[in-house]
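Student: What follows is model.txt, made up of compact mmCIF, C-alpha atoms and all ligand atoms:
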```txt
# COMPACT_ATOMS: atom_id res chain seq x y z
CA MET A 18 0.00 0.00 0.00
CA ASN A 19 1.54 3.35 -1.01
CA ASN A 20 1.15 6.56 0.98
CA SER A 21 -1.91 7.82 -0.84
CA GLN A 22 -3.61 4.42 -0.52
CA LYS A 23 -2.75 4.43 3.16
CA ALA A 24 -4.26 7.90 3.55
CA GLN A 25 -7.37 6.83 1.67
CA HIS A 26 -7.73 3.74 3.85
CA LEU A 27 -7.31 5.80 6.98
CA MET A 28 -10.00 8.25 5.89
CA ASP A 29 -12.41 5.45 4.96
CA VAL A 30 -11.97 3.99 8.42
CA THR A 31 -12.20 7.35 10.16
CA TYR A 32 -15.05 8.87 8.19
CA PRO A 33 -17.02 5.89 6.78
CA GLY A 34 -19.68 7.02 4.32
CA GLN A 35 -19.13 10.64 5.34
CA ALA A 36 -20.46 13.25 2.91
CA GLY A 37 -17.59 15.48 1.82
CA GLY A 38 -15.14 12.64 2.41
CA ASP A 39 -12.86 13.91 -0.37
CA THR A 40 -12.51 17.23 1.40
CA PHE A 41 -11.63 15.48 4.62
CA ARG A 42 -9.10 13.29 2.85
CA LEU A 43 -7.41 16.42 1.50
CA LEU A 44 -7.49 17.96 4.94
CA GLU A 45 -5.81 14.91 6.38
CA LEU A 46 -2.92 15.29 3.95
CA LEU A 47 -2.36 18.91 4.93
CA ALA A 48 0.77 19.62 6.95
CA ILE A 49 -1.11 22.55 8.50
CA PRO A 50 -3.15 21.73 11.63
CA ALA A 51 -6.85 21.89 10.75
CA PHE A 52 -10.22 20.77 12.03
CA VAL A 53 -13.82 21.08 10.91
CA LEU A 54 -16.92 21.71 13.03
CA ASP A 55 -20.43 21.03 11.69
CA ALA A 56 -23.28 23.49 12.04
CA ARG A 57 -23.96 22.25 15.61
CA GLY A 58 -20.33 22.79 16.62
CA HIS A 59 -19.46 19.08 16.63
CA ALA A 60 -16.01 18.13 15.34
CA ILE A 61 -16.25 16.17 12.08
CA ALA A 62 -12.58 16.34 11.05
CA TRP A 63 -9.34 16.62 13.03
CA ASN A 64 -6.20 16.10 10.99
CA ARG A 65 -2.89 14.52 11.98
CA ALA A 66 -1.13 17.87 12.20
CA CYS A 67 -3.85 19.01 14.59
CA GLU A 68 -3.29 15.89 16.67
CA ARG A 69 0.42 16.72 16.86
CA LEU A 70 -0.19 20.37 17.75
CA THR A 71 -2.78 19.73 20.46
CA GLY A 72 -1.64 16.33 21.71
CA VAL A 73 -5.24 15.12 21.36
CA PRO A 74 -6.05 12.12 19.12
CA ARG A 75 -8.99 12.51 16.78
CA TYR A 76 -11.04 9.73 18.39
CA GLU A 77 -11.30 11.86 21.54
CA VAL A 78 -12.64 14.89 19.70
CA LEU A 79 -14.68 13.66 16.73
CA GLY A 80 -18.41 13.85 17.35
CA SER A 81 -18.03 16.07 20.40
CA ALA A 82 -18.54 19.81 20.88
CA ASN A 83 -15.37 20.01 22.98
CA ALA A 84 -12.76 21.07 20.41
CA TRP A 85 -12.21 24.22 22.51
CA SER A 86 -10.88 22.14 25.42
CA CYS A 87 -7.87 21.07 23.33
CA PHE A 88 -6.75 24.71 23.25
CA HIS A 89 -7.98 26.27 26.49
CA ARG A 90 -8.22 25.25 30.12
CA ASP A 91 -11.29 27.33 30.92
CA PRO A 92 -14.38 27.07 28.73
CA ARG A 93 -14.25 29.43 25.79
CA PRO A 94 -15.29 29.06 22.16
CA THR A 95 -12.89 28.45 19.28
CA LEU A 96 -12.99 30.91 16.41
CA ALA A 97 -15.01 28.31 14.47
CA ASP A 98 -17.56 28.16 17.34
CA LEU A 99 -17.91 31.93 17.29
CA LEU A 100 -18.62 31.85 13.54
CA ILE A 101 -21.18 29.05 13.91
CA GLN A 102 -22.89 30.76 16.85
CA GLU A 103 -22.82 34.15 15.09
CA ARG A 104 -20.89 35.66 18.00
CA MET A 105 -18.25 37.43 15.92
CA ASP A 106 -18.62 40.57 18.03
CA GLU A 107 -16.73 38.67 20.79
CA VAL A 108 -13.60 38.04 18.69
CA GLY A 109 -11.95 41.30 19.75
CA ALA A 110 -12.26 40.42 23.44
CA LEU A 111 -10.99 36.84 23.05
CA TYR A 112 -8.01 37.33 20.71
CA ASP A 113 -4.98 39.65 20.69
CA ALA A 114 -5.56 40.60 17.05
CA HIS A 115 -8.04 39.76 14.31
CA ALA A 116 -8.81 40.66 10.71
CA GLN A 117 -11.12 39.80 7.84
CA LEU A 118 -9.36 37.33 5.48
CA CYS A 119 -11.12 38.49 2.30
CA ASP A 120 -14.20 40.43 1.17
CA GLU A 121 -16.50 37.43 1.59
CA PRO A 122 -18.23 37.30 4.98
CA GLY A 123 -17.19 34.68 7.53
CA HIS A 124 -13.54 34.36 6.43
CA LEU A 125 -11.60 35.53 9.43
CA SER A 126 -8.17 35.34 10.97
CA ALA A 127 -7.25 35.90 14.61
CA GLU A 128 -4.31 35.25 16.88
CA GLY A 129 -3.67 34.81 20.56
CA TRP A 130 -2.16 32.68 23.34
CA CYS A 131 -3.63 29.22 23.95
CA ASP A 132 -3.05 27.11 27.10
CA MET A 133 -2.77 23.83 25.12
CA PRO A 134 -3.59 21.77 28.23
CA TYR A 135 -2.73 18.40 26.63
CA ALA A 136 0.37 19.47 24.67
CA GLY A 137 1.72 20.94 27.92
CA ARG A 138 3.10 24.23 26.60
CA ARG A 139 1.39 27.55 25.95
CA ARG A 140 1.46 28.46 22.29
CA TYR A 141 0.67 31.56 20.31
CA LEU A 142 -1.62 30.45 17.50
CA ALA A 143 -2.70 32.25 14.35
CA VAL A 144 -6.11 30.90 13.40
CA ASP A 145 -8.07 31.18 10.12
CA VAL A 146 -11.69 30.14 9.71
CA SER A 147 -13.74 29.70 6.54
CA PRO A 148 -17.39 28.69 6.29
CA ILE A 149 -18.61 25.79 4.11
CA CYS A 150 -22.15 26.34 2.85
CA ASP A 151 -24.61 23.83 1.37
CA GLU A 152 -26.29 24.26 -2.02
CA HIS A 153 -28.94 26.52 -0.39
CA GLY A 154 -26.31 28.81 1.03
CA HIS A 155 -26.83 27.63 4.61
CA LEU A 156 -23.83 27.17 6.85
CA ALA A 157 -22.96 23.45 6.88
CA ALA A 158 -19.54 23.50 8.56
CA VAL A 159 -16.58 25.67 9.41
CA VAL A 160 -12.92 24.82 8.65
CA GLU A 161 -10.37 26.15 11.11
CA THR A 162 -6.64 26.07 10.26
CA LEU A 163 -3.94 26.90 12.79
CA ARG A 164 -0.35 28.11 12.64
CA ASP A 165 2.02 27.95 15.58
CA MET A 166 3.53 31.45 15.82
CA THR A 167 5.05 31.02 19.29
CA ASP A 168 8.68 31.53 18.21
CA GLU A 169 7.83 34.64 16.19
CA LYS A 170 5.75 36.06 19.03
CA GLN A 171 8.47 35.42 21.59
CA ALA A 172 11.05 37.09 19.35
CA GLN A 173 8.74 40.07 19.04
CA ILE A 174 8.26 40.24 22.84
CA SER A 175 12.03 40.05 23.37
CA LEU A 176 12.58 42.90 20.90
CA GLU A 177 9.90 44.99 22.59
CA GLN A 178 11.49 44.27 25.96
CA LEU A 179 14.89 45.34 24.66
CA ALA A 180 13.35 48.62 23.55
CA THR A 181 11.49 49.30 26.80
CA ARG A 182 13.58 47.65 29.58
CA ASP A 183 16.60 48.91 31.45
CA GLY A 184 19.46 46.45 30.89
CA LEU A 185 20.86 46.60 34.44
CA THR A 186 17.73 46.34 36.60
CA GLY A 187 15.12 44.86 34.24
CA LEU A 188 12.78 47.72 35.12
CA ALA A 189 11.11 49.91 32.50
CA ASN A 190 13.62 52.29 30.90
CA ARG A 191 13.40 56.05 30.65
CA ARG A 192 11.75 55.96 27.23
CA CYS A 193 9.03 53.63 28.48
CA PHE A 194 8.56 55.87 31.52
CA ASP A 195 8.13 58.99 29.34
CA ASP A 196 5.59 57.24 27.08
CA THR A 197 3.66 55.78 30.03
CA LEU A 198 3.57 59.07 31.92
CA HIS A 199 2.18 60.79 28.85
CA ALA A 200 -0.46 58.05 28.29
CA GLU A 201 -1.48 57.93 31.96
CA TRP A 202 -1.70 61.72 32.08
CA GLN A 203 -4.12 61.70 29.13
CA ARG A 204 -6.15 58.90 30.74
CA ALA A 205 -6.33 60.69 34.09
CA LEU A 206 -7.41 63.85 32.25
CA ARG A 207 -10.20 62.00 30.43
CA GLN A 208 -11.38 60.15 33.53
CA GLN A 209 -10.75 63.03 35.92
CA GLN A 210 -8.71 60.85 38.24
CA PRO A 211 -5.62 61.76 40.25
CA LEU A 212 -2.18 60.68 39.04
CA SER A 213 0.67 60.26 41.51
CA LEU A 214 4.39 60.14 40.91
CA LEU A 215 7.27 59.06 43.14
CA MET A 216 10.89 60.02 42.52
CA VAL A 217 13.21 57.61 44.34
CA ASP A 218 16.95 58.17 44.81
CA VAL A 219 19.54 55.97 46.51
CA ASP A 220 21.24 57.91 49.34
CA ASN A 221 25.00 58.46 49.38
CA PHE A 222 25.44 56.23 46.40
CA LYS A 223 28.70 57.88 45.40
CA GLN A 224 30.18 56.66 48.69
CA TYR A 225 28.80 53.20 48.01
CA ASN A 226 30.55 53.10 44.63
CA ASP A 227 33.73 54.40 46.19
CA ALA A 228 33.64 51.73 48.89
CA TYR A 229 32.42 48.70 46.93
CA GLY A 230 33.41 49.52 43.34
CA HIS A 231 31.22 49.98 40.31
CA VAL A 232 30.34 46.27 40.06
CA GLY A 233 29.21 46.28 43.70
CA GLY A 234 27.26 49.47 42.96
CA ASP A 235 25.48 47.80 40.04
CA GLU A 236 24.47 44.85 42.23
CA CYS A 237 23.18 47.29 44.85
CA LEU A 238 21.04 49.05 42.21
CA ARG A 239 19.58 45.69 41.16
CA ARG A 240 18.65 44.85 44.77
CA VAL A 241 17.10 48.27 45.39
CA ALA A 242 15.18 48.05 42.09
CA GLY A 243 13.80 44.65 43.13
CA ALA A 244 12.69 45.99 46.51
CA VAL A 245 11.02 49.04 45.00
CA ALA A 246 9.24 46.95 42.35
CA LYS A 247 7.80 44.64 45.02
CA GLU A 248 5.44 47.43 46.14
CA MET A 249 3.84 47.82 42.72
CA ARG A 250 0.23 47.04 41.81
CA ALA A 251 -0.72 45.76 38.34
CA ASN A 252 -1.30 49.21 36.81
CA ASP A 253 1.69 50.95 38.39
CA LEU A 254 4.96 51.41 36.54
CA VAL A 255 8.41 51.57 38.08
CA ALA A 256 11.25 52.74 35.87
CA ARG A 257 14.93 53.46 36.13
CA TYR A 258 14.89 57.18 35.55
CA GLY A 259 18.67 57.47 35.28
CA GLY A 260 21.77 56.60 37.31
CA GLU A 261 20.71 55.73 40.86
CA GLU A 262 17.28 57.34 40.48
CA PHE A 263 13.96 55.54 39.96
CA ALA A 264 10.51 56.93 39.09
CA VAL A 265 7.18 55.34 39.89
CA ILE A 266 3.85 56.13 38.20
CA LEU A 267 0.79 55.42 40.34
CA PRO A 268 -2.40 55.85 38.27
CA ASN A 269 -5.59 56.79 40.14
CA GLN A 270 -3.71 57.17 43.42
CA SER A 271 -4.21 60.01 45.92
CA LEU A 272 -1.27 61.74 47.62
CA LYS A 273 -2.17 59.91 50.82
CA GLY A 274 -2.02 56.54 48.99
CA ALA A 275 1.22 57.53 47.27
CA ALA A 276 2.74 58.41 50.66
CA ILE A 277 1.86 54.94 51.97
CA VAL A 278 3.50 53.25 48.95
CA ALA A 279 6.57 55.51 49.30
CA GLU A 280 6.98 54.71 52.99
CA ARG A 281 6.64 50.97 52.32
CA MET A 282 9.39 51.22 49.68
CA ARG A 283 11.65 53.15 52.03
CA CYS A 284 11.20 50.48 54.75
CA ARG A 285 11.71 47.62 52.32
CA VAL A 286 15.04 49.03 51.09
CA GLU A 287 16.18 49.74 54.65
CA GLN A 288 15.34 46.16 55.59
CA LEU A 289 17.60 44.81 52.84
CA HIS A 290 20.39 45.75 55.30
CA LEU A 291 22.86 46.33 52.47
CA PRO A 292 25.91 47.78 54.25
CA ASN A 293 27.00 51.26 53.18
CA LEU A 294 29.69 52.06 55.71
CA GLY A 295 30.19 55.61 54.44
CA ALA A 296 26.55 56.56 55.08
CA ALA A 297 25.15 57.92 58.35
CA LYS A 298 22.73 54.99 58.72
CA GLN A 299 25.48 52.49 57.71
CA PHE A 300 22.94 50.79 55.46
CA VAL A 301 21.74 51.58 51.96
CA THR A 302 18.66 53.80 52.17
CA ILE A 303 16.50 55.76 49.75
CA SER A 304 14.83 59.14 49.74
CA VAL A 305 11.46 59.54 48.03
CA GLY A 306 9.61 62.59 46.72
CA ALA A 307 5.86 62.15 46.13
CA ALA A 308 3.51 64.37 44.15
CA THR A 309 -0.06 64.08 42.95
CA ALA A 310 -1.94 65.96 40.24
CA LEU A 311 -5.50 66.08 39.03
CA PRO A 312 -4.57 66.66 35.38
CA ALA A 313 -6.12 69.66 33.65
CA PRO A 314 -5.60 70.86 30.05
CA GLU A 315 -3.49 73.82 31.17
CA TYR A 316 -0.99 71.61 33.07
CA GLU A 317 1.77 69.43 31.64
CA PRO A 318 3.12 66.09 32.98
CA SER A 319 6.51 67.83 33.26
CA GLN A 320 5.02 69.98 36.06
CA LEU A 321 4.16 66.86 38.03
CA LEU A 322 7.73 65.62 37.50
CA ALA A 323 9.18 68.93 38.68
CA THR A 324 6.98 68.86 41.79
CA ALA A 325 8.00 65.30 42.70
CA ASP A 326 11.63 66.25 42.08
CA ALA A 327 11.30 69.24 44.42
CA ALA A 328 9.86 66.94 47.08
CA LEU A 329 12.78 64.53 46.60
CA TYR A 330 15.24 67.38 46.97
CA ARG A 331 13.54 68.34 50.24
CA ALA A 332 13.78 64.75 51.53
CA LYS A 333 17.53 64.82 50.80
CA HIS A 334 17.89 68.22 52.41
CA MET A 335 16.08 67.06 55.56
CA GLY A 336 18.62 64.28 56.10
CA ARG A 337 17.81 61.45 53.61
CA ASN A 338 16.18 58.06 54.31
CA ARG A 339 12.75 59.70 54.37
CA ILE A 340 9.79 60.56 52.17
CA SER A 341 8.59 64.04 51.39
CA LEU A 342 5.22 65.05 49.94
CA THR A 343 4.17 67.85 47.59
CA ARG A 344 3.52 71.21 49.19
CA GLU A 345 1.24 73.87 47.73
CA SER A 346 4.26 76.10 47.17
CA ASP A 347 5.88 73.39 45.01
CA GLY A 348 3.72 74.29 41.99
CA ALA A 349 0.60 73.64 40.06
CA ALA A 350 0.49 69.87 40.28
N1 LIG B 401 27.51 51.45 40.02
C1 LIG B 401 26.81 52.38 39.36
N2 LIG B 401 26.87 53.65 39.77
C2 LIG B 401 26.14 54.58 39.14
C3 LIG B 401 25.30 54.24 38.06
N3 LIG B 401 24.69 55.37 37.65
C4 LIG B 401 25.12 56.38 38.44
N4 LIG B 401 25.99 55.90 39.37
C5 LIG B 401 26.73 56.64 40.41
O1 LIG B 401 25.80 57.16 41.34
C6 LIG B 401 26.48 58.20 42.04
C7 LIG B 401 25.50 59.31 42.30
O2 LIG B 401 26.15 60.23 43.11
P1 LIG B 401 25.50 61.61 43.55
O3 LIG B 401 24.63 62.13 42.45
O4 LIG B 401 26.61 62.48 44.04
O5 LIG B 401 24.52 61.26 44.69
P2 LIG B 401 24.72 60.47 46.05
O6 LIG B 401 26.14 60.16 46.37
O7 LIG B 401 23.79 59.30 46.00
O8 LIG B 401 24.21 61.51 47.10
P3 LIG B 401 22.71 61.85 47.49
O9 LIG B 401 21.86 61.51 46.31
O10 LIG B 401 22.74 63.32 47.75
O11 LIG B 401 22.38 61.07 48.68
C8 LIG B 401 27.66 58.64 41.17
O12 LIG B 401 28.85 58.23 41.80
C9 LIG B 401 27.46 57.83 39.88
O13 LIG B 401 28.69 57.46 39.30
C10 LIG B 401 25.28 52.87 37.63
O14 LIG B 401 24.59 52.50 36.67
N5 LIG B 401 26.03 51.98 38.31
```
In C-alpha cells, write the structure found in this file.
Tutor:
Amino acid sequence: MNNSQKAQHLMDVTYPGQAGGDTFRLLELLAIPAFVLDARGHAIAWNRACERLTGVPRYEVLGSANAWSCFHRDPRPTLADLLIQERMDEVGALYDAHAQLCDEPGHLSAEGWCDMPYAGRRRYLAVDVSPICDEHGHLAAVVETLRDMTDEKQAQISLEQLATRDGLTGLANRRCFDDTLHAEWQRALRQQQPLSLLMVDVDNFKQYNDAYGHVGGDECLRRVAGAVAKEMRANDLVARYGGEEFAVILPNQSLKGAAIVAERMRCRVEQLHLPNLGAAKQFVTISVGAATALPAPEYEPSQLLATADAALYRAKHMGRNRISLTRESDGAA
C-alpha cells in the first residue's frame, strides 16, 4: 500500500460514508493543523497535524462539541464556534488581534495565546476560519486552520522588551517611563482621576561606589530596584529614571495613597540591610519625593515631575532616608 492508498484507507476507516469525504481526505494530507466543526459545533474532522499540535487524538474529539478544550483550560469558544454561533462581536475580546481574510463574509483570521492543556506548553496560534455552505447557502460546517507562531511572538516580545527595559535592573527604561507618563496623564485627564508620581533616589550612592566599586554598585542598584518593584500594583509602573534614580507612576492614586506606597518602599530598602559604611545609617537607604496631580488641560506632565523632584530634593535636604510630599508652594500639580 503506497502513501496515498494508506491515507485513503485511513480516511475510509475514520469517516465511513461521510459526505464530503474527499474534502476530509485532503485535509488529512495537509501539513497545517486543521479541524472542521459542523453546524452544531461538533467536530467532524481533526487532521494529523492538529493531533500533533494539540496532543489530542482525533477519536477523543470527533463527534463532540469540545474542540475548545484542546486549546484552552477554561471554557471558551474556538474561532469556528464563534462563527457558527454568530458571535463574531466577541472576537476582539478573546483574541490579541483579528482581521477579515477576504471580502466574503465569515472568512476571518485571529491570533492569541492558547493554554494547550494536553500538549503541555502555551502556544501563540494564528487561526483562520472559513465557512462551508450547502447548495442553499446555509452554513454546513466551518474549517479552522492553525499556525504555531510562538517563536515569532516570543522574538517580538524580546525585541519589545529590549526597547522598553533597562538592561541593568530589568525595570522599564526612561523611554518607556516617558511614554507611560504621557499616556497615563491623558487617561487621568479623560477620567478626571488623580495621578501620583514618586521620585526615588539611593542615598550616598557615590560613597557606596567608592567603597564597593562599580560592580558592587550595580548589584546594589539591582537589589534596590527589586525591593522598590515589590510594592507595585498591576497598573503601576516603576522605571529606572537614570543613574541611581527611579521613578514610579501610580495611576488613580491620591497623595495619601502615594505616601503609603513611598513609605513601604523606604522600609523595604532599609530592611535589605545592604551595608554602606560611608553613610550615616550604615545601610543603603532611599529618599522619596511624592507628588499628585489632578490633570487639567493647562498643566503638563513635566510639572508633576518637577513637583515630585522638588519633594525629593527636600527629603535629601532634611537628612535622607525619608519621604517628602508635595507642598502647595511646590507648583501647580
Ligand atoms: N555602580 C553604578 N553607579 C552609578 C550608576 N549610575 C550612576 N551611578 C553613580 O551614582 C552616584 C550618584 O552620586 P550623587 O549624584 O553624588 O549622589 P549620592 O552620592 O547618592 O548623594 P545623594 O543623592 O545626595 O544622597 C555617582 O557616583 C554615579 O557614578 C550605575 O549604573 N552603576
Student: Do you know which residues are at most 7 Å from region 147-156 of chain A counting only C-alpha atoms, after dropping those on the same chain fewer than 6 positions away, and could you put them as a ChimeraX atom specification?
Tutor: /A:56,123-125
Student: Between A:Val78, A:Ala323, A:Leu185, A:Ala313, single out the one closest to Leu206 (chain A), counting all atoms listed in the file.
Tutor: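 For Leu206 (chain A), the nearest of the given residues is A:Ala313.
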Student: Which residues are near Leu294 (chain A)? Cut-off 12 Å, all atoms listed in the file, ignore same chain within fewer than 6 positions. Put them as a list in words.
Tutor: Asn221, Phe222, Lys223, Gln224, Tyr225, Asn226, Asp227, Ala228, Tyr229, Phe300, Val301 and Thr302 of chain A
Student: Those same residues, written as an mmCIF file, in the coordinates of the input with C-alpha atoms?
Tutor:
```
data_model
loop_
_atom_site.group_PDB
_atom_site.id
_atom_site.type_symbol
_atom_site.label_atom_id
_atom_site.label_comp_id
_atom_site.auth_asym_id
_atom_site.auth_seq_id
_atom_site.Cartn_x
_atom_site.Cartn_y
_atom_site.Cartn_z
ATOM 1 C CA ASN A 221 25.000 58.460 49.380
ATOM 2 C CA PHE A 222 25.440 56.230 46.400
ATOM 3 C CA LYS A 223 28.700 57.880 45.400
ATOM 4 C CA GLN A 224 30.180 56.660 48.690
ATOM 5 C CA TYR A 225 28.800 53.200 48.010
ATOM 6 C CA ASN A 226 30.550 53.100 44.630
ATOM 7 C CA ASP A 227 33.730 54.400 46.190
ATOM 8 C CA ALA A 228 33.640 51.730 48.890
ATOM 9 C CA TYR A 229 32.420 48.700 46.930
ATOM 10 C CA PHE A 300 22.940 50.790 55.460
ATOM 11 C CA VAL A 301 21.740 51.580 51.960
ATOM 12 C CA THR A 302 18.660 53.800 52.170
#
```
Student: Let me have all residues with an atom within 10 Å of ligand LIG 401 (chain B), counting all atoms listed in the file, laid out as a VMD selection string.
Tutor: chain A and resid 184 to 186 217 to 227 229 to 239 257 259 to 262 296 301 to 304 329 to 330 332 to 334 336 to 338
Student: For each of A:Ala143, A:Val265, A:Val241, A:Leu254, take the minimum atom-to-atom distance to Glu169 (chain A), counting all atoms listed in the file, then give the residue where this is smallest.
Tutor: A:Ala143
Student: Which residue out of A:Cys87, A:Ala200, A:Ile266, A:Leu96 has the minimum interatomic distance to Arg139 (chain A) when all atoms listed in the file are used?
Tutor: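 Of the candidates, the smallest distance to Arg139 (chain A) is held by A:Cys87.
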Student: To one decimal place, how far is CA of Asp106 (chain A) from CA of Arg138 (chain A) in Å?
Tutor: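 Calculated distance between CA of Asp106 (chain A) and CA of Arg138 (chain A) is 28.5 Å.
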Student: Show me, as a ChimeraX atom specification, the residues that have an atom within 9 Å of Arg182 (chain A) when counting all atoms listed in the file, minus same-chain residues fewer than 3 positions from it.
Tutor: /A:177-179,185-193,256-257
Student: Considering only C-alpha atoms, state which residue in the set A:Met216, A:Leu272, A:Val286, A:Val278 is at the smallest distance from Gly306 (chain A).
Tutor: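 Among the listed residues, A:Met216 lies closest to Gly306 (chain A).
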Student: With distances taken over all atoms listed in the file, which of A:Ala172, A:Leu118, A:Met133, A:Val53 is nearest to Val73 (chain A)?
Tutor: A:Met133
Student: For CA of Ala310 (chain A) and CA of Asp195 (chain A), quote the distance in Å rounded to one decimal.
Tutor: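 Interatomic distance here is 16.4 Å.
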Student: What does the distance between CA of Ala307 (chain A) and CA of Ala325 (chain A) come to in Å, to one decimal place?
Tutor: 5.1 Å
Student: Considering only C-alpha atoms, can you say which of A:Gln117, A:Ser86, A:Thr162, A:Gln173 comes closest to Pro50 (chain A)?
Tutor: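 Of the candidates, the smallest distance to Pro50 (chain A) is held by A:Thr162.
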